[in-house]
Amino acid sequence: MKIQKFKKRIGLIGFGCVGQGLYDVVEANRHLGWEIGSICVKDKEKPRSLPASAFTYDVQEVLQDSSIDIIAELISEPKEALAILRQALQQGKTVVSANKKVIAENLPELIQLQQRHGGVLLYEASVCGSIPVLRTLEAYYGSEPLVEVRGILNGSSNYILSKLHAEHGSFQSALAQAQELGFAEADPSLDVEGTDALHKLCILAAHAYGLLVHPDDVLHFGIQHITSEAVELADALGCRIKLVGSLKAARDGQVALQVLPTLIPETDTLFDVEAEFNGLEIEGQFAGKQFLKGRGAGSHPTGSAVWADISAVVRGYRYTYPKLCTSQARATSGDEQTTILLQGEPDRIAEILQLLQPAIRHQASDHSQVILSLTPHELKVHQTYLKKQGIFVAAIPAKVALDIVPEVLNSKEAIPVGSL
Ligand SMILES: NC(=O)C1=CN([C@@H]2O[C@H](COP(=O)(O)OP(=O)(O)OC[C@H]3O[C@@H](n4cnc5c(N)ncnc54)[C@H](OP(=O)(O)O)[C@@H]3O)[C@@H](O)[C@H]2O)C=CC1
Ligand SMILES: N[C@@H](CC=O)C(=O)O
């Protein structure tokens, strides 16, 4: 077969962790014909790994340069990122992006702009870093109904949780390390409050189920209020706490979505997904379960995913959103009774129990932890209040033997309040 030679130019907007990662990958593959045409950044004073002449500070110099074939939008500021994507797509250009917040919050508009003006937007790097999940869902599962898609979608929070379980150190120092290593968002509250995982879940929902859902409408809790007692309880149960995002087919074409810290037992495939790695289990109605695992954050792994999009789009690849065209999926929080751990200041817990009036399974003697039964819908109704009160919320899956829970809590002088 004859090797096709071409020369193509990338306009790079953003030269931070991911932008530098993409630059390195492109440089390592120069023989394939790609080059970085221009690079736009914001801060004129920042020390750079390239000479000052390589940079522009005016985004229009990239957006309006007709010699640029593909724009890579890799900036940290959502408002500016959305303006870049809008302008590029309105001009019918080809853009790749890693910006999950912007994509999750604006997907219907971004799809419409592609349809109207003929441009293309790919964003594999926005979900699970280096794991090729969106193309897998589109190309392999485009016509198969999915039972469930669940996984660890945020590298920083997984890094922090891994550290807390392994070293029992401080939350803040684990977060500082995740920031140092380039895993965390410019605003790390997106990582620890579960919002980044939520954005990725909403993008997955479009590709896995044909469901367009706004992140504001989805149940989600993060790990910002985790305590050493919660980590110890999970350890005692032979579990690790993981931040799990899940999409599950429910009745009448509904899809249940949630992001919740969850006690994961050793038998679960997610148990061994550690540090900045992400893991995703996809269960097809006919294919059964598949498991994908890889680096979910970091400069080169994410740069490599952006590079994969660039290489694909030049060969004519674009998302076809097969399930958006064929499904009428609707979002729900879910109404299955779920065992939930709540942990926080005893006074706050007492107030919450009065408000929720749940069926309580067990309560620790110091009243700081309680295990109860709630539906995800009930949790969603009270999520703003629970977060405000500084409560750590975690799901305890049915798989975790419920008879172990009282044993462990009893060894801490728990009061079994009632049983269901
Ligand atoms: N870090 C990771 O592992 C991953 C990140 N992502 C996503 O990739 C994107 C980039 O993240 P990351 O590289 O970590 O972020 P960084 O904070 O490391 O870098 C952001 C870059 O954007 C530039 N920038 C910000 N605002 C503007 C603007 N208005 N005009 C031009 N340039 C601007 C910054 O310029 P300057 O250098 O002058 O400050 C910087 O170069 C984000 O959307 C993030 O969510 C996705 C997957 C993984
Ligand atoms: N901050 C994100 C980066 C990748 O998406 C994460 O930690 O997963």
# chains A, B, ... in the order shown; residues from 1 in each chain; ligands from 1
>>> residues_near_ligand(ligand="ligand 1", cutoff="7 Å", atoms="only C-alpha atoms and all ligand atoms", output="PDB file with N, CA and C atoms, in the first residue's frame")
ATOM      1  N   ILE A  13      -4.599  25.972  21.369  1.00  0.00           N
ATOM      2  CA  ILE A  13      -5.028  27.025  22.293  1.00  0.00           C
ATOM      3  C   ILE A  13      -4.967  26.435  23.701  1.00  0.00           C
ATOM      4  N   GLY A  14      -4.017  26.922  24.492  1.00  0.00           N
ATOM      5  CA  GLY A  14      -3.755  26.378  25.834  1.00  0.00           C
ATOM      6  C   GLY A  14      -2.478  25.557  25.802  1.00  0.00           C
ATOM      7  N   PHE A  15      -1.545  25.919  26.661  1.00  0.00           N
ATOM      8  CA  PHE A  15      -0.261  25.209  26.704  1.00  0.00           C
ATOM      9  C   PHE A  15       0.079  24.924  28.168  1.00  0.00           C
ATOM     10  N   GLY A  16      -0.902  24.304  28.865  1.00  0.00           N
ATOM     11  CA  GLY A  16      -0.671  23.886  30.255  1.00  0.00           C
ATOM     12  C   GLY A  16      -0.333  22.404  30.243  1.00  0.00           C
ATOM     13  N   CYS A  17      -0.859  21.699  31.242  1.00  0.00           N
ATOM     14  CA  CYS A  17      -0.565  20.273  31.383  1.00  0.00           C
ATOM     15  C   CYS A  17      -0.906  19.489  30.093  1.00  0.00           C
ATOM     16  N   VAL A  18      -2.129  19.665  29.586  1.00  0.00           N
ATOM     17  CA  VAL A  18      -2.566  18.875  28.423  1.00  0.00           C
ATOM     18  C   VAL A  18      -1.976  19.429  27.122  1.00  0.00           C
ATOM     19  N   GLY A  19      -1.943  20.757  26.999  1.00  0.00           N
ATOM     20  CA  GLY A  19      -1.374  21.374  25.800  1.00  0.00           C
ATOM     21  C   GLY A  19       0.075  20.955  25.602  1.00  0.00           C
ATOM     22  N   CYS A  40      -1.599  29.549  21.411  1.00  0.00           N
ATOM     23  CA  CYS A  40      -2.140  30.712  22.121  1.00  0.00           C
ATOM     24  C   CYS A  40      -2.206  30.430  23.622  1.00  0.00           C
ATOM     25  N   VAL A  41      -1.692  31.342  24.413  1.00  0.00           N
ATOM     26  CA  VAL A  41      -1.788  31.246  25.882  1.00  0.00           C
ATOM     27  C   VAL A  41      -2.270  32.579  26.421  1.00  0.00           C
ATOM     28  N   LYS A  42      -2.339  32.691  27.743  1.00  0.00           N
ATOM     29  CA  LYS A  42      -2.930  33.895  28.326  1.00  0.00           C
ATOM     30  C   LYS A  42      -1.907  34.788  29.033  1.00  0.00           C
ATOM     31  N   ASP A  43      -1.056  34.161  29.827  1.00  0.00           N
ATOM     32  CA  ASP A  43      -0.197  34.891  30.754  1.00  0.00           C
ATOM     33  C   ASP A  43       1.165  35.202  30.103  1.00  0.00           C
ATOM     34  N   LYS A  44       1.408  36.482  29.870  1.00  0.00           N
ATOM     35  CA  LYS A  44       2.646  36.881  29.167  1.00  0.00           C
ATOM     36  C   LYS A  44       3.893  36.694  30.029  1.00  0.00           C
ATOM     37  N   LYS A  46       4.485  34.187  32.274  1.00  0.00           N
ATOM     38  CA  LYS A  46       4.783  32.799  32.691  1.00  0.00           C
ATOM     39  C   LYS A  46       6.035  32.259  31.997  1.00  0.00           C
ATOM     40  N   TYR A  57      -0.925  35.757  22.130  1.00  0.00           N
ATOM     41  CA  TYR A  57      -1.830  35.963  23.264  1.00  0.00           C
ATOM     42  C   TYR A  57      -3.208  36.365  22.756  1.00  0.00           C
ATOM     43  N   VAL A  59      -6.322  34.982  20.739  1.00  0.00           N
ATOM     44  CA  VAL A  59      -6.929  33.744  20.252  1.00  0.00           C
ATOM     45  C   VAL A  59      -7.388  33.870  18.791  1.00  0.00           C
ATOM     46  N   LEU A  74      -7.564  23.583  24.425  1.00  0.00           N
ATOM     47  CA  LEU A  74      -7.105  22.913  25.650  1.00  0.00           C
ATOM     48  C   LEU A  74      -6.873  23.945  26.752  1.00  0.00           C
ATOM     49  N   ILE A  75      -7.877  24.797  26.971  1.00  0.00           N
ATOM     50  CA  ILE A  75      -7.698  25.818  28.002  1.00  0.00           C
ATOM     51  C   ILE A  75      -8.525  25.489  29.246  1.00  0.00           C
ATOM     52  N   SER A  76      -8.206  26.197  30.323  1.00  0.00           N
ATOM     53  CA  SER A  76      -8.820  25.875  31.603  1.00  0.00           C
ATOM     54  C   SER A  76     -10.042  26.730  31.904  1.00  0.00           C
ATOM     55  N   GLU A  77     -10.295  27.765  31.111  1.00  0.00           N
ATOM     56  CA  GLU A  77     -11.406  28.673  31.457  1.00  0.00           C
ATOM     57  C   GLU A  77     -12.644  28.357  30.613  1.00  0.00           C
ATOM     58  N   GLU A  80     -14.365  31.127  28.115  1.00  0.00           N
ATOM     59  CA  GLU A  80     -13.548  31.385  26.918  1.00  0.00           C
ATOM     60  C   GLU A  80     -13.532  30.144  26.025  1.00  0.00           C
ATOM     61  N   ALA A  98     -10.710  18.909  25.196  1.00  0.00           N
ATOM     62  CA  ALA A  98     -10.675  17.999  26.349  1.00  0.00           C
ATOM     63  C   ALA A  98     -11.568  18.541  27.460  1.00  0.00           C
ATOM     64  N   ASN A  99     -12.386  19.548  27.093  1.00  0.00           N
ATOM     65  CA  ASN A  99     -13.072  20.336  28.119  1.00  0.00           C
ATOM     66  C   ASN A  99     -14.442  19.775  28.505  1.00  0.00           C
ATOM     67  N   LYS A 100     -14.427  18.823  29.430  1.00  0.00           N
ATOM     68  CA  LYS A 100     -15.685  18.121  29.780  1.00  0.00           C
ATOM     69  C   LYS A 100     -16.781  19.024  30.323  1.00  0.00           C
ATOM     70  N   LYS A 101     -16.400  20.047  31.115  1.00  0.00           N
ATOM     71  CA  LYS A 101     -17.423  20.934  31.682  1.00  0.00           C
ATOM     72  C   LYS A 101     -18.195  21.626  30.555  1.00  0.00           C
ATOM     73  N   ALA A 125     -10.643  12.946  24.811  1.00  0.00           N
ATOM     74  CA  ALA A 125      -9.828  13.209  26.014  1.00  0.00           C
ATOM     75  C   ALA A 125     -10.652  13.763  27.167  1.00  0.00           C
ATOM     76  N   SER A 126     -11.891  14.178  26.886  1.00  0.00           N
ATOM     77  CA  SER A 126     -12.690  14.777  27.960  1.00  0.00           C
ATOM     78  C   SER A 126     -13.235  13.726  28.933  1.00  0.00           C
ATOM     79  N   VAL A 127     -13.250  12.461  28.536  1.00  0.00           N
ATOM     80  CA  VAL A 127     -13.803  11.418  29.416  1.00  0.00           C
ATOM     81  C   VAL A 127     -12.757  10.331  29.656  1.00  0.00           C
ATOM     82  N   GLY A 129      -9.565  10.401  30.355  1.00  0.00           N
ATOM     83  CA  GLY A 129      -8.200  10.622  29.867  1.00  0.00           C
ATOM     84  C   GLY A 129      -7.827   9.738  28.693  1.00  0.00           C
ATOM     85  N   GLY A 182      -0.337  17.415  38.058  1.00  0.00           N
ATOM     86  CA  GLY A 182      -1.088  17.875  36.877  1.00  0.00           C
ATOM     87  C   GLY A 182      -2.396  17.125  36.662  1.00  0.00           C
ATOM     88  N   PHE A 183      -2.868  16.383  37.678  1.00  0.00           N
ATOM     89  CA  PHE A 183      -4.118  15.628  37.510  1.00  0.00           C
ATOM     90  C   PHE A 183      -5.345  16.506  37.766  1.00  0.00           C
ATOM     91  N   ALA A 184      -5.205  17.445  38.703  1.00  0.00           N
ATOM     92  CA  ALA A 184      -6.383  18.198  39.160  1.00  0.00           C
ATOM     93  C   ALA A 184      -6.759  19.297  38.174  1.00  0.00           C
ATOM     94  N   GLU A 185      -8.025  19.713  38.248  1.00  0.00           N
ATOM     95  CA  GLU A 185      -8.501  20.844  37.453  1.00  0.00           C
ATOM     96  C   GLU A 185      -7.902  22.130  38.009  1.00  0.00           C
ATOM     97  N   ALA A 186      -7.900  23.196  37.172  1.00  0.00           N
ATOM     98  CA  ALA A 186      -7.437  24.503  37.650  1.00  0.00           C
ATOM     99  C   ALA A 186      -8.241  24.880  38.901  1.00  0.00           C
ATOM    100  N   GLY A 296      -6.373   8.160  33.766  1.00  0.00           N
ATOM    101  CA  GLY A 296      -7.509   9.061  33.572  1.00  0.00           C
ATOM    102  C   GLY A 296      -7.131  10.521  33.572  1.00  0.00           C
ATOM    103  N   ALA A 297      -5.884  10.828  33.854  1.00  0.00           N
ATOM    104  CA  ALA A 297      -5.446  12.225  33.935  1.00  0.00           C
ATOM    105  C   ALA A 297      -3.946  12.270  33.722  1.00  0.00           C
ATOM    106  N   GLY A 298      -3.441  13.487  33.480  1.00  0.00           N
ATOM    107  CA  GLY A 298      -1.998  13.668  33.323  1.00  0.00           C
ATOM    108  C   GLY A 298      -1.647  14.131  31.925  1.00  0.00           C
ATOM    109  N   SER A 299      -0.477  14.709  31.811  1.00  0.00           N
ATOM    110  CA  SER A 299      -0.080  15.420  30.601  1.00  0.00           C
ATOM    111  C   SER A 299      -0.017  14.514  29.351  1.00  0.00           C
ATOM    112  N   THR A 302      -3.309  12.274  28.503  1.00  0.00           N
ATOM    113  CA  THR A 302      -4.413  13.075  27.940  1.00  0.00           C
ATOM    114  C   THR A 302      -4.010  13.640  26.577  1.00  0.00           C
TER     115      THR A 302
END
>>> select_by_dssp(residues="segment 176-302 of chain A", states="strand (DSSP E or B)", output="PDB file with C-alpha atoms, in the first residue's frame")
ATOM      1  CA  LEU A 219     -27.602  13.321  41.692  1.00  0.00           C
ATOM      2  CA  HIS A 220     -23.978  13.739  42.692  1.00  0.00           C
ATOM      3  CA  CYS A 239     -13.695  -2.311  51.050  1.00  0.00           C
ATOM      4  CA  ARG A 240     -12.161   0.784  49.465  1.00  0.00           C
ATOM      5  CA  ILE A 241     -14.083   4.002  49.003  1.00  0.00           C
ATOM      6  CA  LYS A 242     -14.225   4.994  45.335  1.00  0.00           C
ATOM      7  CA  LEU A 243     -16.065   7.822  43.620  1.00  0.00           C
ATOM      8  CA  VAL A 244     -18.321   5.929  41.210  1.00  0.00           C
ATOM      9  CA  GLY A 245     -20.353   7.342  38.351  1.00  0.00           C
ATOM     10  CA  SER A 246     -23.064   5.126  36.965  1.00  0.00           C
ATOM     11  CA  LEU A 247     -25.657   4.979  34.215  1.00  0.00           C
ATOM     12  CA  LYS A 248     -28.187   2.193  34.449  1.00  0.00           C
ATOM     13  CA  ALA A 249     -31.100   1.267  32.205  1.00  0.00           C
ATOM     14  CA  GLN A 254     -35.436   5.652  31.765  1.00  0.00           C
ATOM     15  CA  VAL A 255     -31.751   5.831  32.612  1.00  0.00           C
ATOM     16  CA  ALA A 256     -30.700   6.207  36.258  1.00  0.00           C
ATOM     17  CA  LEU A 257     -27.676   8.479  36.671  1.00  0.00           C
ATOM     18  CA  GLN A 258     -25.602   9.197  39.752  1.00  0.00           C
ATOM     19  CA  VAL A 259     -22.137  10.006  41.037  1.00  0.00           C
ATOM     20  CA  LEU A 260     -21.646   8.714  44.578  1.00  0.00           C
ATOM     21  CA  PRO A 261     -18.755   7.736  46.828  1.00  0.00           C
ATOM     22  CA  THR A 262     -19.222   3.983  47.179  1.00  0.00           C
ATOM     23  CA  LEU A 263     -17.757   1.228  49.365  1.00  0.00           C
ATOM     24  CA  ILE A 264     -16.217  -1.147  46.819  1.00  0.00           C
ATOM     25  CA  PRO A 265     -15.510  -4.734  47.904  1.00  0.00           C
ATOM     26  CA  PHE A 277      -6.226   5.492  36.892  1.00  0.00           C
ATOM     27  CA  ASN A 278      -9.827   5.345  35.732  1.00  0.00           C
ATOM     28  CA  GLY A 279     -11.822   2.181  35.111  1.00  0.00           C
ATOM     29  CA  LEU A 280     -15.052   1.678  33.255  1.00  0.00           C
ATOM     30  CA  GLU A 281     -17.306  -1.355  33.144  1.00  0.00           C
ATOM     31  CA  ILE A 282     -19.681  -1.504  30.187  1.00  0.00           C
ATOM     32  CA  GLU A 283     -22.434  -4.105  30.241  1.00  0.00           C
ATOM     33  CA  GLY A 284     -24.188  -4.759  26.956  1.00  0.00           C
ATOM     34  CA  GLY A 288     -22.051  -8.981  28.609  1.00  0.00           C
ATOM     35  CA  LYS A 289     -19.432  -7.066  30.585  1.00  0.00           C
ATOM     36  CA  GLN A 290     -16.266  -5.401  29.296  1.00  0.00           C
ATOM     37  CA  PHE A 291     -13.784  -3.557  31.456  1.00  0.00           C
ATOM     38  CA  LEU A 292     -11.552  -0.679  30.339  1.00  0.00           C
ATOM     39  CA  LYS A 293      -8.795   0.678  32.564  1.00  0.00           C
ATOM     40  CA  GLY A 294      -6.112   3.306  31.976  1.00  0.00           C
ATOM     41  CA  ARG A 295      -4.649   6.626  33.053  1.00  0.00           C
TER      42      ARG A 295
END
>>> closest_residue(among="A:Val231, A:Ile131, A:Val273, A:Leu153", to="Thr195 of chain A", atoms="only C-alpha atoms")
A:Leu153
>>> residues_around(residues="segment 115-124 of chain A", least_positions_apart="6", cutoff="10 Å", atoms="only C-alpha atoms", output="PDB file with N, CA and C atoms, in the first residue's frame")
ATOM      1  N   ILE A  70      -6.576  22.098  11.987  1.00  0.00           N
ATOM      2  CA  ILE A  70      -7.348  21.622  13.147  1.00  0.00           C
ATOM      3  C   ILE A  70      -7.025  22.482  14.358  1.00  0.00           C
ATOM      4  N   ILE A  71      -8.073  22.832  15.112  1.00  0.00           N
ATOM      5  CA  ILE A  71      -7.853  23.616  16.327  1.00  0.00           C
ATOM      6  C   ILE A  71      -7.958  22.677  17.537  1.00  0.00           C
ATOM      7  N   ALA A  72      -6.957  22.735  18.408  1.00  0.00           N
ATOM      8  CA  ALA A  72      -7.021  21.966  19.661  1.00  0.00           C
ATOM      9  C   ALA A  72      -7.297  22.950  20.783  1.00  0.00           C
ATOM     10  N   GLU A  73      -8.523  22.884  21.321  1.00  0.00           N
ATOM     11  CA  GLU A  73      -8.916  23.794  22.415  1.00  0.00           C
ATOM     12  C   GLU A  73      -8.591  23.101  23.732  1.00  0.00           C
ATOM     13  N   LEU A  85     -15.060  27.287  20.960  1.00  0.00           N
ATOM     14  CA  LEU A  85     -15.744  26.181  20.259  1.00  0.00           C
ATOM     15  C   LEU A  85     -16.859  26.718  19.367  1.00  0.00           C
ATOM     16  N   ALA A  88     -15.325  28.533  16.259  1.00  0.00           N
ATOM     17  CA  ALA A  88     -14.705  27.585  15.326  1.00  0.00           C
ATOM     18  C   ALA A  88     -15.781  26.783  14.587  1.00  0.00           C
ATOM     19  N   LEU A  89     -16.792  26.319  15.313  1.00  0.00           N
ATOM     20  CA  LEU A  89     -17.827  25.501  14.666  1.00  0.00           C
ATOM     21  C   LEU A  89     -18.708  26.351  13.747  1.00  0.00           C
ATOM     22  N   GLN A  90     -18.942  27.599  14.136  1.00  0.00           N
ATOM     23  CA  GLN A  90     -19.724  28.486  13.246  1.00  0.00           C
ATOM     24  C   GLN A  90     -18.978  28.734  11.935  1.00  0.00           C
ATOM     25  N   GLN A  91     -17.640  28.623  12.005  1.00  0.00           N
ATOM     26  CA  GLN A  91     -16.848  28.791  10.772  1.00  0.00           C
ATOM     27  C   GLN A  91     -16.675  27.459  10.036  1.00  0.00           C
ATOM     28  N   GLY A  92     -17.340  26.406  10.536  1.00  0.00           N
ATOM     29  CA  GLY A  92     -17.271  25.088   9.891  1.00  0.00           C
ATOM     30  C   GLY A  92     -15.927  24.407  10.062  1.00  0.00           C
ATOM     31  N   LYS A  93     -15.194  24.789  11.141  1.00  0.00           N
ATOM     32  CA  LYS A  93     -13.847  24.230  11.320  1.00  0.00           C
ATOM     33  C   LYS A  93     -13.866  22.907  12.071  1.00  0.00           C
ATOM     34  N   THR A  94     -12.717  22.277  12.099  1.00  0.00           N
ATOM     35  CA  THR A  94     -12.541  21.032  12.843  1.00  0.00           C
ATOM     36  C   THR A  94     -11.831  21.355  14.156  1.00  0.00           C
ATOM     37  N   VAL A  95     -12.443  20.907  15.260  1.00  0.00           N
ATOM     38  CA  VAL A  95     -11.902  21.222  16.581  1.00  0.00           C
ATOM     39  C   VAL A  95     -11.827  19.956  17.417  1.00  0.00           C
ATOM     40  N   VAL A  96     -10.773  19.833  18.217  1.00  0.00           N
ATOM     41  CA  VAL A  96     -10.743  18.783  19.245  1.00  0.00           C
ATOM     42  C   VAL A  96     -10.628  19.485  20.594  1.00  0.00           C
ATOM     43  N   SER A  97     -11.233  18.880  21.607  1.00  0.00           N
ATOM     44  CA  SER A  97     -11.261  19.526  22.921  1.00  0.00           C
ATOM     45  C   SER A  97     -11.178  18.473  24.009  1.00  0.00           C
ATOM     46  N   ALA A  98     -10.710  18.909  25.196  1.00  0.00           N
ATOM     47  CA  ALA A  98     -10.675  17.999  26.349  1.00  0.00           C
ATOM     48  C   ALA A  98     -11.568  18.541  27.460  1.00  0.00           C
ATOM     49  N   ASN A  99     -12.386  19.548  27.093  1.00  0.00           N
ATOM     50  CA  ASN A  99     -13.072  20.336  28.119  1.00  0.00           C
ATOM     51  C   ASN A  99     -14.442  19.775  28.505  1.00  0.00           C
ATOM     52  N   LYS A 100     -14.427  18.823  29.430  1.00  0.00           N
ATOM     53  CA  LYS A 100     -15.685  18.121  29.780  1.00  0.00           C
ATOM     54  C   LYS A 100     -16.781  19.024  30.323  1.00  0.00           C
ATOM     55  N   ILE A 103     -18.372  20.804  27.373  1.00  0.00           N
ATOM     56  CA  ILE A 103     -19.084  19.874  26.494  1.00  0.00           C
ATOM     57  C   ILE A 103     -20.351  19.358  27.190  1.00  0.00           C
ATOM     58  N   GLU A 109     -26.232  22.216  21.929  1.00  0.00           N
ATOM     59  CA  GLU A 109     -25.841  23.329  21.043  1.00  0.00           C
ATOM     60  C   GLU A 109     -24.630  22.951  20.179  1.00  0.00           C
ATOM     61  N   SER A 130      -6.902   8.802  28.923  1.00  0.00           N
ATOM     62  CA  SER A 130      -6.351   8.001  27.817  1.00  0.00           C
ATOM     63  C   SER A 130      -7.227   6.821  27.402  1.00  0.00           C
ATOM     64  N   ILE A 131      -8.313   6.563  28.118  1.00  0.00           N
ATOM     65  CA  ILE A 131      -9.138   5.378  27.780  1.00  0.00           C
ATOM     66  C   ILE A 131     -10.030   5.695  26.562  1.00  0.00           C
ATOM     67  N   PRO A 132      -9.955   4.885  25.510  1.00  0.00           N
ATOM     68  CA  PRO A 132     -10.765   5.188  24.308  1.00  0.00           C
ATOM     69  C   PRO A 132     -12.218   4.765  24.474  1.00  0.00           C
ATOM     70  N   VAL A 133     -12.947   5.516  25.306  1.00  0.00           N
ATOM     71  CA  VAL A 133     -14.287   5.046  25.661  1.00  0.00           C
ATOM     72  C   VAL A 133     -15.370   5.574  24.723  1.00  0.00           C
ATOM     73  N   LEU A 134     -15.255   6.830  24.288  1.00  0.00           N
ATOM     74  CA  LEU A 134     -16.351   7.371  23.464  1.00  0.00           C
ATOM     75  C   LEU A 134     -16.408   6.672  22.116  1.00  0.00           C
ATOM     76  N   ARG A 135     -15.220   6.452  21.534  1.00  0.00           N
ATOM     77  CA  ARG A 135     -15.225   5.761  20.238  1.00  0.00           C
ATOM     78  C   ARG A 135     -15.654   4.303  20.393  1.00  0.00           C
ATOM     79  N   ILE A 203     -21.578  13.248  29.469  1.00  0.00           N
ATOM     80  CA  ILE A 203     -21.100  13.003  28.096  1.00  0.00           C
ATOM     81  C   ILE A 203     -21.285  11.518  27.759  1.00  0.00           C
ATOM     82  N   THR A 302      -3.309  12.274  28.503  1.00  0.00           N
ATOM     83  CA  THR A 302      -4.413  13.075  27.940  1.00  0.00           C
ATOM     84  C   THR A 302      -4.010  13.640  26.577  1.00  0.00           C
ATOM     85  N   ALA A 305      -4.659  11.145  23.982  1.00  0.00           N
ATOM     86  CA  ALA A 305      -6.069  11.005  23.578  1.00  0.00           C
ATOM     87  C   ALA A 305      -6.459  12.122  22.605  1.00  0.00           C
ATOM     88  N   VAL A 306      -5.941  13.327  22.836  1.00  0.00           N
ATOM     89  CA  VAL A 306      -6.228  14.438  21.910  1.00  0.00           C
ATOM     90  C   VAL A 306      -5.603  14.130  20.545  1.00  0.00           C
ATOM     91  N   TRP A 307      -4.399  13.599  20.578  1.00  0.00           N
ATOM     92  CA  TRP A 307      -3.681  13.214  19.351  1.00  0.00           C
ATOM     93  C   TRP A 307      -4.457  12.137  18.589  1.00  0.00           C
ATOM     94  N   ALA A 308      -5.036  11.198  19.321  1.00  0.00           N
ATOM     95  CA  ALA A 308      -5.829  10.134  18.674  1.00  0.00           C
ATOM     96  C   ALA A 308      -7.025  10.748  17.941  1.00  0.00           C
ATOM     97  N   ASP A 309      -7.630  11.776  18.537  1.00  0.00           N
ATOM     98  CA  ASP A 309      -8.747  12.465  17.860  1.00  0.00           C
ATOM     99  C   ASP A 309      -8.272  13.160  16.597  1.00  0.00           C
ATOM    100  N   ILE A 310      -7.114  13.819  16.702  1.00  0.00           N
ATOM    101  CA  ILE A 310      -6.574  14.538  15.539  1.00  0.00           C
ATOM    102  C   ILE A 310      -6.303  13.547  14.399  1.00  0.00           C
ATOM    103  N   ALA A 312      -7.705  10.681  13.956  1.00  0.00           N
ATOM    104  CA  ALA A 312      -8.958  10.073  13.471  1.00  0.00           C
ATOM    105  C   ALA A 312      -9.728  11.035  12.578  1.00  0.00           C
ATOM    106  N   VAL A 313      -9.771  12.294  13.002  1.00  0.00           N
ATOM    107  CA  VAL A 313     -10.621  13.245  12.283  1.00  0.00           C
ATOM    108  C   VAL A 313     -10.070  13.493  10.877  1.00  0.00           C
ATOM    109  N   GLY A 316     -11.405  11.233   8.413  1.00  0.00           N
ATOM    110  CA  GLY A 316     -12.846  11.336   8.157  1.00  0.00           C
ATOM    111  C   GLY A 316     -13.731  10.900   9.309  1.00  0.00           C
ATOM    112  N   TYR A 317     -13.134  10.581  10.486  1.00  0.00           N
ATOM    113  CA  TYR A 317     -13.969  10.130  11.600  1.00  0.00           C
ATOM    114  C   TYR A 317     -14.720  11.302  12.215  1.00  0.00           C
ATOM    115  N   ARG A 318     -15.967  11.071  12.553  1.00  0.00           N
ATOM    116  CA  ARG A 318     -16.743  12.019  13.360  1.00  0.00           C
ATOM    117  C   ARG A 318     -17.779  11.233  14.157  1.00  0.00           C
ATOM    118  N   TYR A 319     -18.248  11.797  15.248  1.00  0.00           N
ATOM    119  CA  TYR A 319     -19.285  11.101  16.027  1.00  0.00           C
ATOM    120  C   TYR A 319     -20.582  11.116  15.236  1.00  0.00           C
TER     121      TYR A 319
END
>>> select_by_dssp(residues="segment 46-184 of chain A", states="alpha helix (DSSP H)", output="PyMOL selection string")
chain A and resi 60-63+78-90+100-117+133-139+155-167+171-180
>>> closest_residue(among="A:Ala234, A:Cys128, A:Ile160, A:Leu201", to="ligand 2", atoms="only C-alpha atoms and all ligand atoms")
A:Cys128
>>> atom_distance(atom1="atom CA of Ile223 of chain A", atom2="atom CA of Asp191 of chain A")
8.8 Å
>>> atom_distance(atom1="atom CA of Val192 of chain A", atom2="atom CA of Ser156 of chain A")
7.6 Å
>>> residues_around(residues="Ala174 of chain A", least_positions_apart="2", cutoff="10 Å", atoms="only C-alpha atoms", output="list in words")
Ser156, Ser157, Tyr159, Ile160, Leu161, Ser162, Lys163, Leu164, Glu167, Gly169, Ser170, Phe171, Gln172, Ala176, Gln177, Ala178, Gln179 and Glu180 of chain A
>>> closest_residue(among="A:Thr338, A:Gln354, A:Thr227, A:Gln343", to="Leu374 of chain A", atoms="only C-alpha atoms")
A:Thr338
